[in-house]
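Listing of upload-v5.txt; format and content: compact mmCIF, C-alpha atoms and all ligand atoms.
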```
# COMPACT_ATOMS: atom_id res chain seq x y z
CA MET A 4 62.43 -89.98 -48.96
CA GLU A 5 64.61 -86.87 -48.66
CA LYS A 6 67.92 -87.15 -46.79
CA ALA A 7 66.72 -85.01 -43.86
CA GLU A 8 63.66 -87.21 -43.32
CA LYS A 9 65.55 -90.46 -43.03
CA GLU A 10 65.59 -91.92 -39.55
CA ASN A 11 69.05 -91.60 -38.13
CA ILE A 12 71.08 -94.43 -36.58
CA VAL A 13 74.16 -93.54 -34.54
CA MET A 14 77.00 -96.07 -34.72
CA PHE A 15 80.04 -96.09 -32.46
CA PRO A 16 82.68 -98.84 -32.86
CA PHE A 17 85.75 -99.43 -30.71
CA MET A 18 89.02 -98.38 -32.35
CA ALA A 19 90.29 -101.59 -33.99
CA GLN A 20 90.05 -102.75 -37.61
CA GLY A 21 88.14 -105.86 -36.50
CA HIS A 22 85.45 -103.53 -35.07
CA ILE A 23 85.58 -100.55 -37.46
CA LEU A 24 85.21 -102.71 -40.61
CA PRO A 25 82.12 -104.73 -39.58
CA PHE A 26 80.48 -101.55 -38.19
CA LEU A 27 81.06 -99.90 -41.55
CA ALA A 28 79.65 -102.93 -43.35
CA LEU A 29 76.54 -102.78 -41.15
CA ALA A 30 76.30 -99.01 -41.71
CA LEU A 31 76.26 -99.53 -45.49
CA GLN A 32 73.49 -102.14 -45.20
CA LEU A 33 71.35 -99.96 -42.92
CA GLU A 34 71.91 -97.04 -45.25
CA GLN A 35 70.65 -99.12 -48.18
CA LYS A 36 67.54 -99.90 -46.15
CA GLY A 37 66.76 -96.17 -46.06
CA HIS A 38 68.36 -94.91 -42.85
CA SER A 39 70.81 -92.08 -42.45
CA ILE A 40 73.86 -93.02 -40.41
CA THR A 41 76.00 -91.02 -38.02
CA TYR A 42 79.25 -93.00 -37.71
CA ILE A 43 81.40 -91.85 -34.80
CA SER A 44 85.11 -92.44 -34.38
CA THR A 45 88.23 -90.68 -33.19
CA PRO A 46 89.78 -88.01 -35.46
CA LEU A 47 92.49 -90.10 -37.14
CA ASN A 48 90.14 -93.02 -37.74
CA VAL A 49 87.58 -90.69 -39.29
CA LYS A 50 90.28 -89.30 -41.61
CA LYS A 51 91.21 -92.82 -42.71
CA LEU A 52 87.57 -93.70 -43.32
CA GLU A 53 86.71 -90.58 -45.32
CA SER A 54 87.76 -91.99 -48.69
CA SER A 55 85.70 -95.15 -48.19
CA ILE A 56 82.31 -93.49 -47.81
CA PRO A 57 80.72 -92.77 -51.19
CA PRO A 58 79.51 -89.11 -51.14
CA SER A 59 76.11 -90.29 -52.42
CA THR A 60 75.36 -92.16 -49.17
CA SER A 61 73.80 -90.67 -46.06
CA ILE A 62 76.61 -91.92 -43.85
CA ARG A 63 78.04 -88.98 -41.95
CA LEU A 64 81.40 -89.45 -40.25
CA VAL A 65 81.68 -87.54 -36.98
CA GLU A 66 84.85 -87.07 -34.96
CA ILE A 67 84.82 -87.64 -31.22
CA PRO A 68 87.74 -85.84 -29.54
CA PHE A 69 90.53 -88.12 -28.32
CA ASN A 70 94.19 -87.38 -27.71
CA SER A 71 96.13 -90.57 -27.02
CA SER A 72 99.09 -88.72 -25.42
CA ASP A 73 96.77 -87.47 -22.65
CA HIS A 74 96.29 -91.10 -21.55
CA GLY A 75 99.79 -92.53 -21.37
CA LEU A 76 99.64 -93.80 -24.94
CA PRO A 77 102.04 -92.93 -27.77
CA PRO A 78 101.03 -89.88 -29.85
CA ASP A 79 98.38 -90.58 -32.51
CA ALA A 80 97.66 -94.05 -31.09
CA GLU A 81 93.99 -94.16 -31.95
CA ILE A 82 93.72 -97.72 -33.12
CA ILE A 83 94.75 -101.01 -31.56
CA ASP A 84 96.55 -102.17 -34.67
CA ASP A 85 99.32 -99.58 -34.21
CA LEU A 86 99.95 -100.48 -30.58
CA PRO A 87 102.35 -103.03 -29.14
CA TYR A 88 100.34 -105.85 -27.59
CA ASN A 89 101.06 -104.74 -24.00
CA LEU A 90 99.40 -101.34 -24.66
CA VAL A 91 96.18 -102.76 -26.11
CA ILE A 92 94.68 -102.97 -22.63
CA ARG A 93 95.59 -99.32 -22.03
CA LEU A 94 93.47 -98.19 -25.01
CA LEU A 95 90.59 -100.29 -23.66
CA GLU A 96 91.04 -98.94 -20.11
CA VAL A 97 90.95 -95.31 -21.22
CA SER A 98 88.04 -95.74 -23.65
CA PRO A 99 85.35 -94.80 -21.04
CA CYS A 100 86.90 -91.30 -21.12
CA LEU A 101 84.95 -90.89 -24.38
CA GLU A 102 81.66 -90.94 -22.47
CA PRO A 103 81.25 -87.15 -21.76
CA SER A 104 82.11 -86.29 -25.38
CA PHE A 105 79.69 -88.94 -26.62
CA ARG A 106 76.92 -87.42 -24.47
CA LYS A 107 77.67 -83.94 -25.82
CA LEU A 108 77.82 -85.19 -29.35
CA LEU A 109 74.37 -86.77 -28.99
CA ALA A 110 72.93 -83.61 -27.44
CA ASP A 111 74.34 -81.55 -30.35
CA LEU A 112 73.01 -84.02 -32.90
CA ILE A 113 69.49 -83.88 -31.44
CA ASP A 114 69.73 -80.07 -31.34
CA GLN A 115 70.76 -79.94 -34.99
CA GLN A 116 67.80 -82.19 -35.82
CA LYS A 117 65.45 -79.74 -34.06
CA GLY A 118 64.79 -82.13 -31.22
CA ILE A 119 64.31 -85.26 -33.33
CA LYS A 120 66.10 -88.15 -31.63
CA PRO A 121 68.01 -90.87 -33.45
CA LEU A 122 66.06 -94.07 -34.04
CA CYS A 123 68.74 -96.00 -32.20
CA ILE A 124 72.33 -96.05 -31.05
CA ILE A 125 74.47 -99.04 -31.97
CA GLY A 126 77.50 -99.22 -29.71
CA ASP A 127 80.51 -101.48 -29.52
CA PHE A 128 80.61 -104.29 -26.95
CA PHE A 129 83.61 -102.55 -25.38
CA PHE A 130 81.42 -99.43 -24.97
CA GLY A 131 78.70 -100.98 -22.80
CA TRP A 132 78.45 -97.59 -21.02
CA SER A 133 76.95 -96.11 -24.21
CA ALA A 134 73.63 -97.83 -23.28
CA ASP A 135 73.22 -95.58 -20.23
CA VAL A 136 73.96 -92.50 -22.34
CA ALA A 137 71.39 -93.60 -24.96
CA HIS A 138 68.79 -94.10 -22.25
CA GLU A 139 69.44 -90.63 -20.77
CA PHE A 140 68.17 -89.32 -24.12
CA GLY A 141 65.37 -91.89 -24.28
CA VAL A 142 66.95 -93.62 -27.28
CA PHE A 143 66.95 -97.38 -27.98
CA HIS A 144 70.41 -98.93 -27.66
CA ALA A 145 71.84 -102.04 -29.25
CA ILE A 146 75.29 -103.57 -29.08
CA PHE A 147 76.80 -104.82 -32.34
CA SER A 148 79.44 -107.51 -32.12
CA GLY A 149 81.84 -108.22 -34.96
CA ALA A 150 82.84 -111.24 -32.85
CA GLY A 151 80.85 -114.47 -33.11
CA GLY A 152 78.29 -115.63 -30.55
CA PHE A 153 80.20 -118.70 -29.35
CA GLY A 154 83.55 -116.92 -29.14
CA LEU A 155 82.11 -113.98 -27.24
CA ALA A 156 80.08 -116.25 -24.94
CA CYS A 157 83.24 -118.13 -23.90
CA TYR A 158 85.10 -114.82 -23.53
CA TYR A 159 82.30 -113.44 -21.32
CA SER A 160 82.03 -116.55 -19.17
CA ILE A 161 85.79 -117.00 -18.78
CA TRP A 162 86.44 -113.39 -17.74
CA LEU A 163 83.56 -113.43 -15.27
CA ASN A 164 84.60 -116.80 -13.79
CA LEU A 165 88.32 -116.32 -13.21
CA PRO A 166 90.75 -117.82 -12.43
CA HIS A 167 90.83 -120.92 -14.59
CA ARG A 168 94.50 -121.61 -14.02
CA HIS A 169 93.72 -122.98 -10.60
CA ASN A 170 90.46 -124.84 -11.04
CA ASN A 171 91.45 -127.18 -13.84
CA ASP A 172 92.09 -130.87 -13.16
CA GLU A 173 95.46 -132.64 -13.45
CA LYS A 174 94.97 -132.90 -17.22
CA GLY A 175 94.52 -129.11 -17.40
CA GLU A 176 90.84 -129.48 -18.32
CA PHE A 177 87.87 -127.52 -17.00
CA MET A 178 84.25 -126.64 -17.76
CA LEU A 179 82.70 -123.19 -17.70
CA PRO A 180 80.27 -123.20 -14.74
CA ASP A 181 77.53 -121.26 -16.54
CA PHE A 182 78.19 -122.57 -20.06
CA PRO A 183 78.36 -126.39 -20.02
CA GLU A 184 77.10 -126.50 -23.63
CA ALA A 185 80.52 -125.21 -24.70
CA GLY A 186 82.04 -128.53 -23.61
CA LYS A 187 85.38 -129.19 -22.01
CA PHE A 188 88.20 -126.65 -22.23
CA HIS A 189 91.91 -127.17 -21.87
CA VAL A 190 94.14 -124.45 -20.41
CA THR A 191 95.93 -124.28 -23.77
CA GLN A 192 92.66 -122.84 -25.10
CA LEU A 193 93.06 -119.70 -23.01
CA SER A 194 94.67 -116.46 -24.14
CA SER A 195 97.81 -115.25 -22.38
CA SER A 196 95.90 -112.38 -20.73
CA VAL A 197 93.49 -114.91 -19.18
CA LEU A 198 96.31 -117.23 -18.15
CA ILE A 199 98.05 -114.49 -16.17
CA ALA A 200 94.85 -112.90 -14.83
CA ASP A 201 94.22 -113.03 -11.08
CA GLY A 202 91.32 -110.59 -10.78
CA SER A 203 93.48 -107.59 -9.85
CA ASP A 204 95.32 -107.17 -13.15
CA PRO A 205 94.27 -104.40 -15.61
CA SER A 206 92.51 -106.82 -18.03
CA SER A 207 90.39 -108.40 -15.27
CA ILE A 208 89.50 -104.98 -13.87
CA PHE A 209 88.46 -103.71 -17.30
CA GLN A 210 86.48 -106.84 -18.25
CA ARG A 211 84.67 -107.07 -14.92
CA LYS A 212 83.40 -103.54 -15.39
CA CYS A 213 82.69 -103.76 -19.11
CA LEU A 214 81.02 -107.17 -19.56
CA PRO A 215 78.29 -106.85 -16.88
CA SER A 216 77.20 -103.54 -18.48
CA TRP A 217 75.89 -105.41 -21.57
CA VAL A 218 72.74 -106.27 -19.70
CA ASN A 219 71.80 -102.56 -19.78
CA SER A 220 71.45 -102.59 -23.56
CA ASP A 221 68.11 -103.18 -25.31
CA GLY A 222 69.41 -105.75 -27.78
CA PHE A 223 72.51 -107.51 -29.05
CA LEU A 224 73.32 -107.85 -32.75
CA PHE A 225 75.91 -110.40 -33.85
CA ASN A 226 77.65 -110.57 -37.19
CA THR A 227 76.95 -114.28 -37.36
CA VAL A 228 74.52 -116.89 -38.61
CA GLU A 229 72.04 -118.59 -36.27
CA GLU A 230 72.63 -122.08 -37.73
CA LEU A 231 76.40 -121.83 -37.22
CA ASP A 232 76.36 -120.12 -33.87
CA LYS A 233 73.21 -121.21 -32.01
CA ILE A 234 75.03 -122.34 -28.85
CA GLY A 235 76.64 -118.96 -28.19
CA LEU A 236 73.55 -116.96 -29.13
CA THR A 237 71.39 -119.11 -26.83
CA TYR A 238 73.88 -118.53 -24.00
CA PHE A 239 73.52 -114.75 -24.35
CA ARG A 240 69.71 -114.95 -24.61
CA ARG A 241 69.76 -116.82 -21.29
CA LYS A 242 72.42 -114.70 -19.56
CA LEU A 243 71.46 -111.18 -20.63
CA GLY A 244 67.69 -111.56 -20.95
CA ILE A 245 67.62 -109.10 -23.87
CA PRO A 246 66.86 -109.85 -27.54
CA VAL A 247 69.86 -111.33 -29.34
CA TRP A 248 69.83 -111.28 -33.13
CA ALA A 249 72.14 -112.94 -35.66
CA VAL A 250 72.32 -110.39 -38.48
CA GLY A 251 75.28 -111.76 -40.46
CA PRO A 252 77.16 -112.51 -42.41
CA ILE A 253 77.81 -108.85 -43.17
CA LEU A 254 80.96 -108.05 -45.12
CA LEU A 255 82.20 -104.80 -46.59
CA PRO A 256 81.96 -104.78 -50.36
CA VAL A 257 85.36 -105.55 -51.88
CA ASP A 258 85.91 -102.04 -53.29
CA GLY A 259 84.92 -100.28 -50.03
CA ARG A 260 87.36 -102.28 -47.94
CA ALA A 261 90.50 -101.51 -49.86
CA LYS A 262 89.94 -97.87 -49.14
CA ALA A 263 88.65 -98.33 -45.60
CA SER A 264 91.59 -100.35 -44.47
CA LYS A 265 95.23 -99.53 -43.98
CA THR A 266 97.67 -98.85 -46.76
CA SER A 267 98.17 -102.17 -48.41
CA GLY A 268 101.56 -103.70 -49.10
CA ILE A 269 100.21 -104.72 -52.50
CA THR A 270 97.37 -103.58 -54.74
CA PRO A 271 94.35 -105.86 -55.22
CA GLU A 272 95.16 -105.92 -58.96
CA GLU A 273 98.72 -107.19 -58.34
CA CYS A 274 97.36 -109.88 -56.06
CA ILE A 275 94.70 -111.01 -58.54
CA GLU A 276 97.22 -111.06 -61.39
CA TRP A 277 99.52 -113.29 -59.35
CA LEU A 278 96.65 -115.55 -58.27
CA ASN A 279 95.48 -115.81 -61.91
CA SER A 280 98.81 -117.48 -62.70
CA LYS A 281 98.04 -120.30 -60.21
CA SER A 282 95.81 -123.34 -60.65
CA PRO A 283 92.46 -123.53 -58.84
CA ASN A 284 92.65 -124.63 -55.20
CA SER A 285 96.41 -124.53 -55.01
CA VAL A 286 97.31 -121.49 -52.89
CA LEU A 287 97.63 -121.16 -49.11
CA TYR A 288 96.81 -117.71 -47.69
CA ILE A 289 98.48 -116.84 -44.36
CA SER A 290 97.52 -113.94 -42.14
CA PHE A 291 97.29 -113.35 -38.41
CA GLY A 292 94.89 -110.41 -38.60
CA SER A 293 95.23 -106.71 -38.01
CA GLU A 294 96.50 -106.81 -34.43
CA THR A 295 98.35 -110.00 -33.64
CA THR A 296 101.59 -111.47 -34.85
CA ILE A 297 103.90 -114.41 -34.17
CA SER A 298 107.45 -114.49 -32.81
CA ALA A 299 110.58 -114.04 -34.92
CA SER A 300 111.58 -117.69 -34.43
CA GLN A 301 108.10 -118.91 -35.44
CA MET A 302 108.32 -116.69 -38.50
CA MET A 303 111.67 -118.23 -39.35
CA GLN A 304 110.29 -121.79 -38.99
CA LEU A 305 107.19 -121.00 -41.02
CA ALA A 306 109.34 -119.52 -43.78
CA LYS A 307 111.56 -122.61 -43.78
CA ALA A 308 108.51 -124.86 -44.13
CA LEU A 309 107.07 -122.77 -46.96
CA ASP A 310 110.45 -122.63 -48.69
CA ALA A 311 110.86 -126.41 -48.46
CA GLY A 312 107.25 -127.33 -49.33
CA GLY A 313 105.63 -127.36 -52.73
CA THR A 314 102.64 -125.13 -51.97
CA SER A 315 102.17 -121.66 -53.43
CA PHE A 316 101.27 -119.06 -50.84
CA ILE A 317 100.47 -115.47 -49.99
CA TRP A 318 101.78 -114.52 -46.56
CA VAL A 319 100.95 -111.22 -44.86
CA VAL A 320 103.93 -110.42 -42.67
CA ARG A 321 103.65 -108.05 -39.71
CA PRO A 322 106.70 -107.29 -37.53
CA PRO A 323 107.18 -110.17 -35.09
CA ILE A 324 106.49 -109.95 -31.35
CA GLY A 325 108.82 -107.49 -29.65
CA PHE A 326 109.28 -105.27 -32.74
CA ASP A 327 107.56 -101.91 -33.13
CA THR A 328 104.45 -102.38 -35.30
CA ASN A 329 105.77 -99.73 -37.71
CA THR A 330 109.12 -101.46 -38.26
CA GLU A 331 109.90 -101.92 -41.94
CA PHE A 332 110.18 -105.49 -43.16
CA ILE A 333 113.66 -106.93 -42.41
CA ALA A 334 113.93 -110.03 -44.63
CA GLU A 335 117.53 -110.77 -43.57
CA GLU A 336 116.54 -110.91 -39.91
CA TRP A 337 113.07 -112.48 -40.05
CA LEU A 338 113.43 -115.00 -42.87
CA PRO A 339 116.06 -117.69 -43.53
CA GLU A 340 118.97 -116.51 -45.65
CA GLY A 341 118.14 -116.37 -49.35
CA SER A 342 114.55 -117.59 -48.90
CA LEU A 343 112.88 -114.37 -50.08
CA GLN A 344 114.98 -114.43 -53.25
CA ARG A 345 114.22 -118.13 -53.89
CA ILE A 346 110.50 -117.65 -53.28
CA THR A 347 110.41 -114.69 -55.68
CA ASP A 348 112.60 -116.34 -58.34
CA GLN A 349 110.40 -119.44 -58.39
CA ASN A 350 107.21 -117.33 -58.34
CA LYS A 351 106.19 -119.58 -55.47
CA GLY A 352 104.91 -117.08 -52.99
CA LEU A 353 103.98 -113.49 -52.32
CA ILE A 354 105.22 -112.01 -49.07
CA VAL A 355 103.08 -108.97 -48.42
CA GLU A 356 104.05 -106.41 -45.84
CA LYS A 357 101.55 -105.60 -43.08
CA TRP A 358 98.24 -105.55 -44.97
CA ALA A 359 96.79 -107.43 -47.92
CA PRO A 360 93.47 -107.14 -49.74
CA GLN A 361 92.17 -110.17 -47.83
CA LEU A 362 88.66 -110.51 -49.18
CA GLU A 363 89.84 -110.23 -52.80
CA ILE A 364 92.36 -112.99 -52.04
CA LEU A 365 89.85 -115.29 -50.32
CA CYS A 366 87.34 -114.81 -53.19
CA HIS A 367 89.86 -116.05 -55.76
CA LYS A 368 89.42 -119.60 -57.04
CA ALA A 369 93.15 -120.30 -56.72
CA VAL A 370 92.98 -120.07 -52.91
CA ALA A 371 92.40 -123.40 -51.16
CA ALA A 372 93.19 -122.80 -47.50
CA PHE A 373 93.75 -120.04 -44.97
CA LEU A 374 96.28 -120.33 -42.12
CA CYS A 375 94.42 -117.98 -39.86
CA HIS A 376 94.48 -116.54 -36.32
CA CYS A 377 90.70 -117.25 -36.22
CA GLY A 378 89.56 -113.62 -35.86
CA TRP A 379 85.81 -113.78 -36.49
CA ASN A 380 85.80 -111.49 -39.54
CA SER A 381 88.47 -113.65 -41.17
CA VAL A 382 86.52 -116.79 -40.27
CA LEU A 383 83.34 -115.47 -41.92
CA GLU A 384 85.25 -114.30 -44.99
CA SER A 385 86.83 -117.73 -45.32
CA LEU A 386 83.63 -119.74 -44.77
CA ILE A 387 81.61 -117.62 -47.20
CA ASN A 388 84.21 -118.35 -49.87
CA GLY A 389 84.48 -122.06 -49.09
CA VAL A 390 88.14 -121.75 -48.10
CA ALA A 391 89.36 -124.39 -45.61
CA LEU A 392 90.62 -123.03 -42.29
CA ILE A 393 93.85 -123.91 -40.52
CA GLY A 394 93.73 -122.37 -37.06
CA TRP A 395 96.53 -120.68 -35.14
CA PRO A 396 94.70 -118.68 -32.46
CA ILE A 397 96.78 -116.03 -30.72
CA ALA A 398 94.60 -113.85 -28.49
CA GLY A 399 91.13 -113.03 -27.14
CA ASP A 400 88.13 -114.85 -28.60
CA GLN A 401 90.27 -116.48 -31.34
CA PHE A 402 90.80 -119.58 -29.14
CA TYR A 403 87.08 -120.05 -28.67
CA ASN A 404 86.35 -119.44 -32.36
CA ALA A 405 88.87 -122.18 -33.12
CA LYS A 406 87.16 -124.46 -30.58
CA LEU A 407 83.79 -123.89 -32.28
CA LEU A 408 85.17 -124.47 -35.77
CA VAL A 409 87.25 -127.54 -34.89
CA GLU A 410 85.13 -129.33 -32.28
CA LEU A 411 81.56 -128.30 -32.98
CA VAL A 412 81.36 -127.39 -36.67
CA GLY A 413 84.25 -129.40 -38.13
CA VAL A 414 85.54 -126.90 -40.69
CA CYS A 415 89.00 -126.23 -39.26
CA VAL A 416 92.13 -128.00 -38.11
CA GLU A 417 94.16 -126.34 -35.40
CA VAL A 418 97.96 -126.33 -35.71
CA ALA A 419 99.08 -124.14 -32.81
CA GLU A 420 97.87 -122.51 -29.61
CA GLU A 421 99.89 -119.40 -29.22
CA SER A 422 99.51 -118.20 -25.65
CA VAL A 423 101.01 -121.22 -23.95
CA LEU A 424 103.93 -121.08 -26.38
CA ARG A 425 104.32 -117.38 -25.74
CA LEU A 426 104.29 -117.66 -21.97
CA GLY A 427 106.57 -120.68 -22.08
CA MET A 428 104.20 -122.48 -19.69
CA LYS A 429 104.49 -126.16 -18.92
CA ILE A 430 101.09 -127.80 -19.12
N1 LIG B 501 92.34 -107.68 -43.02
C1 LIG B 501 92.70 -107.37 -44.31
N2 LIG B 501 94.03 -107.47 -44.64
C2 LIG B 501 94.98 -107.90 -43.76
C3 LIG B 501 94.60 -108.24 -42.45
C4 LIG B 501 93.25 -108.13 -42.10
O1 LIG B 501 91.87 -106.99 -45.14
O2 LIG B 501 96.15 -107.99 -44.16
C5 LIG B 501 90.91 -107.53 -42.63
C6 LIG B 501 90.24 -108.89 -42.67
O3 LIG B 501 89.72 -109.14 -43.96
C7 LIG B 501 89.17 -108.74 -41.61
C8 LIG B 501 89.76 -107.74 -40.62
O4 LIG B 501 90.81 -107.07 -41.31
O5 LIG B 501 88.00 -108.18 -42.18
C9 LIG B 501 90.38 -108.42 -39.42
O6 LIG B 501 89.37 -108.85 -38.57
P1 LIG B 501 89.46 -110.22 -37.78
O7 LIG B 501 88.25 -110.29 -36.92
O8 LIG B 501 89.66 -111.33 -38.70
O9 LIG B 501 90.77 -110.14 -36.92
P2 LIG B 501 91.42 -109.02 -35.97
O10 LIG B 501 92.29 -108.23 -36.84
O11 LIG B 501 90.29 -108.24 -35.38
O12 LIG B 501 92.18 -109.82 -34.98
```
Show me, as structure tokens, the structure contained in the file I just sent.
Amino acid sequence: MEKAEKENIVMFPFMAQGHILPFLALALQLEQKGHSITYISTPLNVKKLESSIPPSTSIRLVEIPFNSSDHGLPPDAEIIDDLPYNLVIRLLEVSPCLEPSFRKLLADLIDQQKGIKPLCIIGDFFFGWSADVAHEFGVFHAIFSGAGGFGLACYYSIWLNLPHRHNNDEKGEFMLPDFPEAGKFHVTQLSSSVLIADGSDPSSIFQRKCLPSWVNSDGFLFNTVEELDKIGLTYFRRKLGIPVWAVGPILLPVDGRAKASKTSGITPEECIEWLNSKSPNSVLYISFGSETTISASQMMQLAKALDAGGTSFIWVVRPPIGFDTNTEFIAEEWLPEGSLQRITDQNKGLIVEKWAPQLEILCHKAVAAFLCHCGWNSVLESLINGVALIGWPIAGDQFYNAKLLVELVGVCVEVAEESVLRLGMKI
């Protein structure tokens, strides 16, 4: 089939690595199945993605206008990963401003195709409004979630059944009224934004508008596996009354990701060479994802433990809470005195700044375990490679992913629950 004759699928992820990467992975799979893809993102994200799309594919990157400074955000803040945690909600809040441009972009696309409509629009779960726009043009709409079914089901139920701070018992335990299959929760299994939510805060306002709009879509695709995630998928089938499909696990091919992602603190080759010098199943990989981080004192304690212990490790270090995300690594301030030197001299660990080639690392036979924030992409990458998970959830659905993996699947041990620590709450 010629390029022009391929049926077009329009894809539109929210601006975060954990959304952009699985959307790109899905785009590559759909492209291999014979579709042409229009992949929409904001200008700077499109620029970053350009080098990761092989020119031979029919994936076309299209910029949607967005100027962060117009919305009370720092200049060029087009992705969550570059924002301090307190501004993440701002990027979410302003995202519906993309709607008129999205409508125009679709109209132009259909015009260019001489009236031929796209086969379907696949929008992010944070862009529930894109379903109405698709329907204005008479186009089928699906939501694609890079989050897992169980994690997103808990997230959905918790945000729509606030506040949980007040309706837990004296042990701090509660059930979700519309999701008893998820079992008992403890308040320590809630993110800090949920713990402080009272219904009138910006997160509650955003979620209460966004989540109910999912019902307007024609279908929900999850990057998950039915056997692993049946409880959450069944919840959404019941709640939304639309088809819900598990289409995972979908991962970006190793070579595509290095280019698609941020500038890495280390090349994949350097990482592999270092891992080749280690015995099988001997290395601990530590990363808290593309958005979240731990506090400076936690970093200090973790470094002390790694320095004192006998385990080899790769640790991706992002600036601790309270530091600008672009701050250069300050070993003297964030790590115990002399530890970086000792770790390097003994060839015991690799401390990688900001971004590591994660999938290459998890694929390597030397890696035994992953101390992980339980972001769903990281979870899938770990499980696919048979790497044991040690959970340290920090935000959002990560707590519920950890609950699934620890309590219902039994492939993870949890070592910390960040939000309660962060808020200094007494439970
Ligand atoms: N990632 C990576 N290198 C890093 C940190 C993250 O390649 O140093 C990738 C990781 O492999 C995953 C994605 O970024 O595909 C992060 O998604 P996840 O859902 O795990 O967490 P989030 O960053 O959305 O919290």
At what distance in Å, to one decimal, does CA of Ile124 (chain A) lie from CA of Ala137 (chain A)? 6.6 Å
At a cut-off of 9 Å around ligand LIG 501 (chain B), and using all atoms listed in the file, what residues come up? Please write them as JSON, numbers by chain. {"A": [19, 20, 21, 22, 23, 24, 25, 84, 149, 150, 254, 255, 260, 261, 264, 265, 267, 268, 290, 291, 292, 293, 294, 295, 318, 319, 320, 321, 355, 356, 357, 358, 359, 360, 361, 362, 363, 365, 375, 376, 377, 378, 379, 380, 381, 382, 383, 384, 397, 398, 399, 401]}
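Of the listed residues A:Pro322, A:Ala334, A:Cys366, A:Met302, the one whose atoms come nearest to Ile275 (chain A) is A:Cys366, with distances taken using all atoms listed in the file.
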Fewer than 3 positions away in the same chain doesn't count, so skip those; otherwise give me all residues within 8 Å of Phe147 (chain A), counting only C-alpha atoms, as a PyMOL selection string. chain A and resi 26+125-128+223-226
Hey, what's within 8 Å of Val414 (chain A) if we count all atoms listed in the file and toss same-chain stuff fewer than 5 positions away? As a PyMOL selection string, please? chain A and resi 391-392+408-409
Could you save those same residues with C-alpha atoms as an mmCIF file, in the frame of the given file?
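The new file again.cif reads:
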```
data_model
loop_
_atom_site.group_PDB
_atom_site.id
_atom_site.type_symbol
_atom_site.label_atom_id
_atom_site.label_comp_id
_atom_site.auth_asym_id
_atom_site.auth_seq_id
_atom_site.Cartn_x
_atom_site.Cartn_y
_atom_site.Cartn_z
ATOM 1 C CA ALA A 391 89.360 -124.390 -45.610
ATOM 2 C CA LEU A 392 90.620 -123.030 -42.290
ATOM 3 C CA LEU A 408 85.170 -124.470 -35.770
ATOM 4 C CA VAL A 409 87.250 -127.540 -34.890
#
```
Pick out the residues sitting within 7 Å of Gly131 (chain A), and hand them over as a PyMOL selection string; count all atoms listed in the file, and ignore anything fewer than 2 positions along from it in its own chain. chain A and resi 127-129+133-134+213+216-217
CA of Glu81 (chain A) to CA of Asn329 (chain A): how many Å, to one decimal?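 Calculated distance between CA of Glu81 (chain A) and CA of Asn329 (chain A) is 14.2 Å.
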Measuring atom to atom with only C-alpha atoms, identify which of A:Leu27, A:Leu353, A:Ile161, A:Leu52 is nearest to Trp277 (chain A). A:Leu353
Do you have the CA of Glu10 (chain A)-CA of Pro121 (chain A) distance handy?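 It comes out at 6.6 Å.
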So which one's closest to Leu198 (chain A), A:Asp221, A:Pro166, A:Gly154, A:Phe373? Using all atoms listed in the file, please.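 Smallest distance to Leu198 (chain A) is found for A:Pro166.
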May I have the residues at most 12 Å from (75.9, -91.2, -48.1) in the file's coordinates, counting all atoms listed in the file, as an MDAnalysis selection string? chainID A and resid 6:7 9 30:35 37:42 53:64
Which protein, DNA or RNA residues are at most 10 Å from (76.4, -84.9, -31.3) in the file's coordinates when you count all atoms listed in the file, listed as a tab-separated table (two decimals) with C-alpha atoms, keeping the file's coordinate frame?
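Saved as result18.tsv:
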```tsv
chain	number	residue	atom	x	y	z
A	13	VAL	CA	74.16	-93.54	-34.54
A	41	THR	CA	76.00	-91.02	-38.02
A	43	ILE	CA	81.40	-91.85	-34.80
A	65	VAL	CA	81.68	-87.54	-36.98
A	66	GLU	CA	84.85	-87.07	-34.96
A	67	ILE	CA	84.82	-87.64	-31.22
A	104	SER	CA	82.11	-86.29	-25.38
A	105	PHE	CA	79.69	-88.94	-26.62
A	106	ARG	CA	76.92	-87.42	-24.47
A	107	LYS	CA	77.67	-83.94	-25.82
A	108	LEU	CA	77.82	-85.19	-29.35
A	109	LEU	CA	74.37	-86.77	-28.99
A	110	ALA	CA	72.93	-83.61	-27.44
A	111	ASP	CA	74.34	-81.55	-30.35
A	112	LEU	CA	73.01	-84.02	-32.90
A	113	ILE	CA	69.49	-83.88	-31.44
A	114	ASP	CA	69.73	-80.07	-31.34
A	115	GLN	CA	70.76	-79.94	-34.99
```
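In this comparison, which uses all atoms listed in the file, the residue of A:Gly202, A:Gly389, A:Pro339, A:Pro78 approaching Asn284 (chain A) most closely is A:Gly389.
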Rank nothing, just name the residue among A:Ile234, A:Cys274, A:Ile333, A:Leu338 nearest to Ile317 (chain A), using all atoms listed in the file. A:Cys274
Within 9 Å of Arg93 (chain A) using only C-alpha atoms, minus same-chain residues under 6 positions, as a PDB file with C-alpha atoms, in the frame of the given file:
```
ATOM      1  CA  HIS A  74      96.290 -91.100 -21.550  1.00  0.00           C
ATOM      2  CA  GLY A  75      99.790 -92.530 -21.370  1.00  0.00           C
ATOM      3  CA  LEU A  76      99.640 -93.800 -24.940  1.00  0.00           C
ATOM      4  CA  PRO A 205      94.270-104.400 -15.610  1.00  0.00           C
TER       5      PRO A 205
END
```
Which residue of A:Pro180, A:Thr328, A:Ile387, A:Glu173 approaches Ala80 (chain A) most closely, using only C-alpha atoms: A:Thr328
